[in-house]
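A quick write-up on the structure given underneath.
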Amino acid sequence: MKIRRVLATAVALAVTTPAALLSVSPAYADAKPTAQTQEKQSKPTIKELEEAAAEAQKAYDKAVKAEAAGRIELEKTLDDLSEVNGTHPLAVASAAAKQTAEDAAAAKTAADQAVTGAKAALDALTEDATEEERTAAETALSEAEATATAAATAKTAADTAAAEAREKLDDARVAAVRAYGVLQNAAENALAVKAAADAALAKAIKEAEEAGEGEEGEEGGDCEPELDLTSKVTGLPDKLVAGTSTDFSLRVTNGSDRHMDEVLAFVSVHATDTSGLKDTEKFFRLQWSTKSAPKWQNADPDNYIDGVGALKPGAHADVKLRLTLDKATPAGNGVAFFAADFFNEDGTCGGAPELDMYEFDVKAAGSKPGKTGDAKPSKTTRPGNTGTTPQGSASGTPATTSTNGSLAATGSSSATTSIALAGGAAVLLGAAAVFVVRRRKTGADA
């Protein structure tokens, strides 16, 4: 697993975990984890990764304590909500309503039996019975039937009241279990954050040791911002339907006065819904092709697309893109980031300091997209250092491509490059998370 993808997962969890805990009752509020999204850093050091791992450990310890306290609270709450000897007002009300319903049922049974007896007494009168005796028997039957009718009405009302009281009691139990479930999930997420942070630190240390650089290798290469290397998307709809594909294009332009030996396009697409960031690789499939590589190829998991090649000053290259949404893609939103980087044989490199961000709506499978237009771009901070170097490309060594179209690791790989891109991916996931929050707020205000 690439180190930057490890940190991206960690950041996504760190973003969602505290938000989930804020929905728990105040009784649990003091126990929420403290893991937070790392602030943007172009080159996180091993020391900083150690600090992040320590913070993840603290957050996990707190989450475990919160989960244990939540279990005790849940057991106490369920005892209070028990119909048998429960002291909670809802439990007391449900028990009383249940007893009232049982009493009403017994009264109805007695009233029905009285009607049966009154009918039997009337039928038992002989032909020589007096008028007074027959009138008395008929009156007794009429009164018994009236009592039975009233008893039936009372039983129906008592049964309804008992059912409503029981439903309120059950809802309270479900709410208690769900509150505890939030704490359980938070503990699991905190454990995942801890594992990711530990793995990222171990990976960085190992790569630093293998490269023989340690902390001395953290100054990075000669990458610099290049405002004139631009990427522009055309044809990406602002509404997409799950289970369909759409083709659009990306034009990378070298508007500078320098020759660029190798240009790579950066593309990152994320799926979201009201619950947050989704497993994008599960729902989205991004493919690309270029003039030099006309066959459709799956996008590199590292988000870089080769095949652009060299660009002379003023030249451009077009990348065809195809985004396919799985039928199971949940309705929500999508966000796509685009940029470009260049690498020269003399070791110089660079890229756009900002990403172009395109937002689009995701409709459920089978629905109609309605009137659509092109997604409009907005700018967001470029993750990592300005003019990032893809993993596997050391300072002074341009990246080359493998036979499957993904970047191959060449040159003297340094831990600095990996760590820098890890931080970049983390910031990118954080940006996507902020996008989700903003879309949620917009929906709520509407």
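Ordering of the structure tokens sets the chain letters (A, B, ...); residue numbers start at 1 within each chain; ligands are numbered from 1 in the order shown.
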Worksheet entry | Who sits within 9 Å of Val269 in chain A, only C-alpha atoms, same chain under 5 positions skipped, as a PyMOL selection string | chain A and resi 280+284+286+303+334-338
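Proximity of A:Ala146, A:Ala152, A:Ala124, A:Ser82 to Thr109 in chain A, computed with only C-alpha atoms, is greatest for A:Ala152.
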Worksheet entry | Exercise: Leu236 in chain A partners within 8 Å, only C-alpha atoms, chain neighbours under 5 positions left out, as a ChimeraX atom specification | /A:246-249,374-375
Worksheet item: Interatomic distance between CA of Ala54 in chain A and CA of Ala211 in chain A?
Response: 25.0 Å
Discussion item. List the spatial neighbours of range 229-232 of chain A as JSON, numbers by chain - criterion: any atom at most 10 Å away, only C-alpha atoms, same-chain residues fewer than 3 positions off excluded.
Written reply: {"A": [225, 226, 249, 250, 251, 252, 253, 254, 255, 256, 260, 263, 265, 266, 311, 313, 314, 316, 317, 318, 338, 339, 340, 341, 342, 350, 351, 352, 353, 354, 355, 356, 377]}
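Of note, CA of Val193 in chain A and CA of Ala63 in chain A are spaced 11.5 Å apart.
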Practice prompt. Mind checking which residues fall within 12 Å of range 324-328 of chain A, counting only C-alpha atoms, ignoring those fewer than 2 positions away in the same chain, and posting them as a PyMOL selection string?
Written response: chain A and resi 239-248+269-271+278-288+298-299+321-322+330-332+334+361-367
Could you write out that same residue set with N, CA, C and O atoms as a compact mmCIF listing (two decimals), in the first residue's frame?
```
# COMPACT_ATOMS: atom_id res chain seq x y z
N LYS A 239 -24.58 16.52 -13.78
CA LYS A 239 -25.45 15.48 -13.21
C LYS A 239 -25.11 14.15 -13.88
O LYS A 239 -25.05 14.07 -15.10
N LEU A 240 -24.90 13.13 -13.06
CA LEU A 240 -24.61 11.78 -13.56
C LEU A 240 -25.55 10.79 -12.89
O LEU A 240 -25.98 11.00 -11.75
N VAL A 241 -25.89 9.72 -13.60
CA VAL A 241 -26.82 8.71 -13.09
C VAL A 241 -26.05 7.42 -12.83
O VAL A 241 -25.25 6.97 -13.66
N ALA A 242 -26.29 6.81 -11.65
CA ALA A 242 -25.64 5.54 -11.32
C ALA A 242 -25.96 4.49 -12.37
O ALA A 242 -27.09 4.40 -12.86
N GLY A 243 -24.95 3.70 -12.74
CA GLY A 243 -25.13 2.67 -13.74
C GLY A 243 -24.87 3.14 -15.16
O GLY A 243 -25.11 2.39 -16.10
N THR A 244 -24.36 4.37 -15.32
CA THR A 244 -24.08 4.89 -16.66
C THR A 244 -22.62 5.34 -16.76
O THR A 244 -21.92 5.43 -15.76
N SER A 245 -22.19 5.61 -17.98
CA SER A 245 -20.84 6.11 -18.23
C SER A 245 -20.93 7.44 -18.95
O SER A 245 -21.90 7.71 -19.67
N THR A 246 -19.92 8.25 -18.77
CA THR A 246 -19.86 9.53 -19.49
C THR A 246 -18.43 9.76 -19.95
O THR A 246 -17.47 9.45 -19.24
N ASP A 247 -18.29 10.28 -21.17
CA ASP A 247 -16.98 10.59 -21.72
C ASP A 247 -16.77 12.10 -21.70
O ASP A 247 -17.69 12.87 -22.01
N PHE A 248 -15.59 12.52 -21.31
CA PHE A 248 -15.26 13.93 -21.34
C PHE A 248 -13.76 14.03 -21.62
O PHE A 248 -13.09 13.01 -21.87
N VAL A 269 -11.02 11.49 -8.26
CA VAL A 269 -12.48 11.57 -8.25
C VAL A 269 -13.00 10.92 -6.98
O VAL A 269 -12.55 9.83 -6.59
N HIS A 270 -13.95 11.57 -6.31
CA HIS A 270 -14.49 11.06 -5.06
C HIS A 270 -16.02 11.05 -5.09
O HIS A 270 -16.64 11.98 -5.59
N ALA A 271 -16.61 9.98 -4.54
CA ALA A 271 -18.07 9.86 -4.41
C ALA A 271 -18.46 10.20 -2.99
O ALA A 271 -17.77 9.84 -2.04
N LYS A 278 -17.45 8.15 0.29
CA LYS A 278 -17.75 6.75 0.03
C LYS A 278 -16.50 6.03 -0.49
O LYS A 278 -15.48 6.65 -0.76
N ASP A 279 -16.61 4.71 -0.61
CA ASP A 279 -15.53 3.91 -1.17
C ASP A 279 -15.52 4.15 -2.68
O ASP A 279 -16.17 3.45 -3.44
N THR A 280 -14.76 5.18 -3.10
CA THR A 280 -14.80 5.62 -4.49
C THR A 280 -14.40 4.50 -5.45
O THR A 280 -14.99 4.33 -6.51
N GLU A 281 -13.39 3.72 -5.09
CA GLU A 281 -12.95 2.65 -5.98
C GLU A 281 -14.03 1.60 -6.18
O GLU A 281 -14.03 0.88 -7.18
N LYS A 282 -14.96 1.51 -5.24
CA LYS A 282 -16.06 0.55 -5.36
C LYS A 282 -17.12 1.05 -6.33
O LYS A 282 -17.73 0.26 -7.06
N PHE A 283 -17.36 2.37 -6.35
CA PHE A 283 -18.47 2.91 -7.12
C PHE A 283 -18.04 3.58 -8.43
O PHE A 283 -18.80 3.61 -9.38
N PHE A 284 -16.83 4.15 -8.47
CA PHE A 284 -16.37 4.89 -9.65
C PHE A 284 -15.26 4.12 -10.35
O PHE A 284 -14.37 3.55 -9.71
N ARG A 285 -15.29 4.14 -11.68
CA ARG A 285 -14.20 3.59 -12.48
C ARG A 285 -13.80 4.64 -13.50
O ARG A 285 -14.61 5.04 -14.33
N LEU A 286 -12.55 5.09 -13.43
CA LEU A 286 -12.06 6.13 -14.32
C LEU A 286 -11.07 5.52 -15.31
O LEU A 286 -10.15 4.81 -14.91
N GLN A 287 -11.29 5.77 -16.60
CA GLN A 287 -10.39 5.28 -17.65
C GLN A 287 -9.92 6.46 -18.49
O GLN A 287 -10.57 7.52 -18.54
N TRP A 288 -8.79 6.27 -19.17
CA TRP A 288 -8.23 7.34 -19.98
C TRP A 288 -7.61 6.78 -21.25
O TRP A 288 -7.27 5.61 -21.34
N ASN A 298 -7.26 1.82 -17.34
CA ASN A 298 -7.75 2.21 -16.03
C ASN A 298 -6.80 3.23 -15.42
O ASN A 298 -5.58 3.11 -15.54
N ALA A 299 -7.36 4.23 -14.76
CA ALA A 299 -6.54 5.27 -14.13
C ALA A 299 -5.67 4.65 -13.05
O ALA A 299 -6.08 3.74 -12.33
N LEU A 321 -11.25 10.97 -21.21
CA LEU A 321 -11.58 10.35 -19.92
C LEU A 321 -12.96 9.73 -19.98
O LEU A 321 -13.87 10.26 -20.65
N ARG A 322 -13.13 8.62 -19.30
CA ARG A 322 -14.43 7.95 -19.22
C ARG A 322 -14.69 7.59 -17.76
O ARG A 322 -13.92 6.85 -17.15
N PRO A 330 -24.54 5.31 -4.46
CA PRO A 330 -25.63 6.00 -3.78
C PRO A 330 -25.83 7.40 -4.33
O PRO A 330 -24.88 8.05 -4.79
N ALA A 331 -27.06 7.84 -4.30
CA ALA A 331 -27.36 9.21 -4.72
C ALA A 331 -26.65 10.17 -3.78
O ALA A 331 -26.57 9.96 -2.58
N GLY A 332 -26.09 11.22 -4.34
CA GLY A 332 -25.35 12.18 -3.52
C GLY A 332 -24.61 13.15 -4.41
O GLY A 332 -25.18 13.73 -5.34
N GLY A 334 -20.57 14.21 -6.27
CA GLY A 334 -19.24 13.80 -6.69
C GLY A 334 -18.37 15.02 -6.81
O GLY A 334 -18.85 16.14 -7.01
N ASP A 361 -23.63 16.27 -9.37
CA ASP A 361 -24.62 15.51 -8.61
C ASP A 361 -24.66 14.07 -9.12
O ASP A 361 -24.48 13.82 -10.31
N VAL A 362 -24.90 13.15 -8.21
CA VAL A 362 -25.05 11.73 -8.57
C VAL A 362 -26.50 11.33 -8.31
O VAL A 362 -27.00 11.47 -7.20
N LYS A 363 -27.19 10.88 -9.37
CA LYS A 363 -28.57 10.45 -9.27
C LYS A 363 -28.63 8.93 -9.11
O LYS A 363 -27.76 8.22 -9.60
N ALA A 364 -29.67 8.45 -8.44
CA ALA A 364 -29.83 7.00 -8.25
C ALA A 364 -30.03 6.31 -9.59
O ALA A 364 -30.52 6.90 -10.56
N ALA A 365 -29.67 5.02 -9.65
CA ALA A 365 -29.80 4.24 -10.87
C ALA A 365 -31.25 4.25 -11.36
O ALA A 365 -32.19 4.12 -10.57
N GLY A 366 -31.44 4.42 -12.66
CA GLY A 366 -32.78 4.42 -13.24
C GLY A 366 -33.47 5.76 -13.24
O GLY A 366 -34.53 5.90 -13.86
N SER A 367 -32.92 6.75 -12.56
CA SER A 367 -33.58 8.06 -12.51
C SER A 367 -33.20 8.89 -13.73
O SER A 367 -32.26 8.57 -14.46
```
Fill in: For Lys376 in chain A: contacts at 9 Å, only C-alpha atoms, fewer than 4 positions along chain excluded, given as JSON, numbers by chain
{"A": [233, 236, 238, 357, 358, 359, 360]}
Residue contacts of Ala95 in chain A (8 Å, only C-alpha atoms) excluding same-chain residues fewer than 3 positions away, as a PDB file with N, CA, C and O atoms, in the first residue's frame:
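That gives us around.pdb:
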```pdb
ATOM      1  N   GLU A  83     -39.737  -3.348  31.297  1.00  0.00           N
ATOM      2  CA  GLU A  83     -41.147  -3.349  31.711  1.00  0.00           C
ATOM      3  C   GLU A  83     -41.322  -3.993  33.082  1.00  0.00           C
ATOM      4  O   GLU A  83     -42.313  -3.752  33.762  1.00  0.00           O
ATOM      5  N   VAL A  84     -40.344  -4.824  33.432  1.00  0.00           N
ATOM      6  CA  VAL A  84     -40.401  -5.483  34.736  1.00  0.00           C
ATOM      7  C   VAL A  84     -39.522  -4.701  35.707  1.00  0.00           C
ATOM      8  O   VAL A  84     -38.298  -4.712  35.595  1.00  0.00           O
ATOM      9  N   ALA A  91     -41.103   3.361  31.129  1.00  0.00           N
ATOM     10  CA  ALA A  91     -41.327   1.978  31.556  1.00  0.00           C
ATOM     11  C   ALA A  91     -42.518   1.894  32.503  1.00  0.00           C
ATOM     12  O   ALA A  91     -43.348   0.974  32.403  1.00  0.00           O
ATOM     13  N   VAL A  92     -42.603   2.852  33.426  1.00  0.00           N
ATOM     14  CA  VAL A  92     -43.732   2.877  34.369  1.00  0.00           C
ATOM     15  C   VAL A  92     -45.041   3.070  33.611  1.00  0.00           C
ATOM     16  O   VAL A  92     -46.042   2.378  33.873  1.00  0.00           O
ATOM     17  N   LYS A  98     -50.245  -1.457  30.145  1.00  0.00           N
ATOM     18  CA  LYS A  98     -50.398  -2.892  29.919  1.00  0.00           C
ATOM     19  C   LYS A  98     -51.378  -3.500  30.934  1.00  0.00           C
ATOM     20  O   LYS A  98     -52.248  -4.309  30.581  1.00  0.00           O
ATOM     21  N   GLN A  99     -51.243  -3.086  32.203  1.00  0.00           N
ATOM     22  CA  GLN A  99     -52.153  -3.596  33.235  1.00  0.00           C
ATOM     23  C   GLN A  99     -53.588  -3.141  32.967  1.00  0.00           C
ATOM     24  O   GLN A  99     -54.548  -3.912  33.137  1.00  0.00           O
TER      25      GLN A  99
END
```
Worksheet entry | Coordinates-based distance that separates CA of Pro44 in chain A from CA of Ile205 in chain A (Å, one decimal) |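 One can read the CA of Ile205 in chain A to CA of Pro44 in chain A distance as 12.4 Å.
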Discussion item. I need the alpha helix (DSSP H) residues of range 127-261 of chain A per DSSP on the backbone, written as JSON, numbers by chain.
Written reply: {"A": [131, 132, 133, 134, 135, 136, 137, 138, 139, 140, 141, 142, 143, 144, 145, 146, 147, 148, 149, 150, 151, 152, 153, 154, 155, 156, 157, 158, 159, 160, 161, 162, 163, 164, 165, 166, 167, 168, 169, 170, 171, 172, 173, 174, 175, 176, 177, 178, 179, 180, 181, 182, 183, 184, 185, 186, 187, 188, 189, 190, 191, 192, 193, 194, 195, 196, 197, 198, 199, 200, 201, 202, 203, 204, 205, 206, 207, 208, 209, 210, 211]}
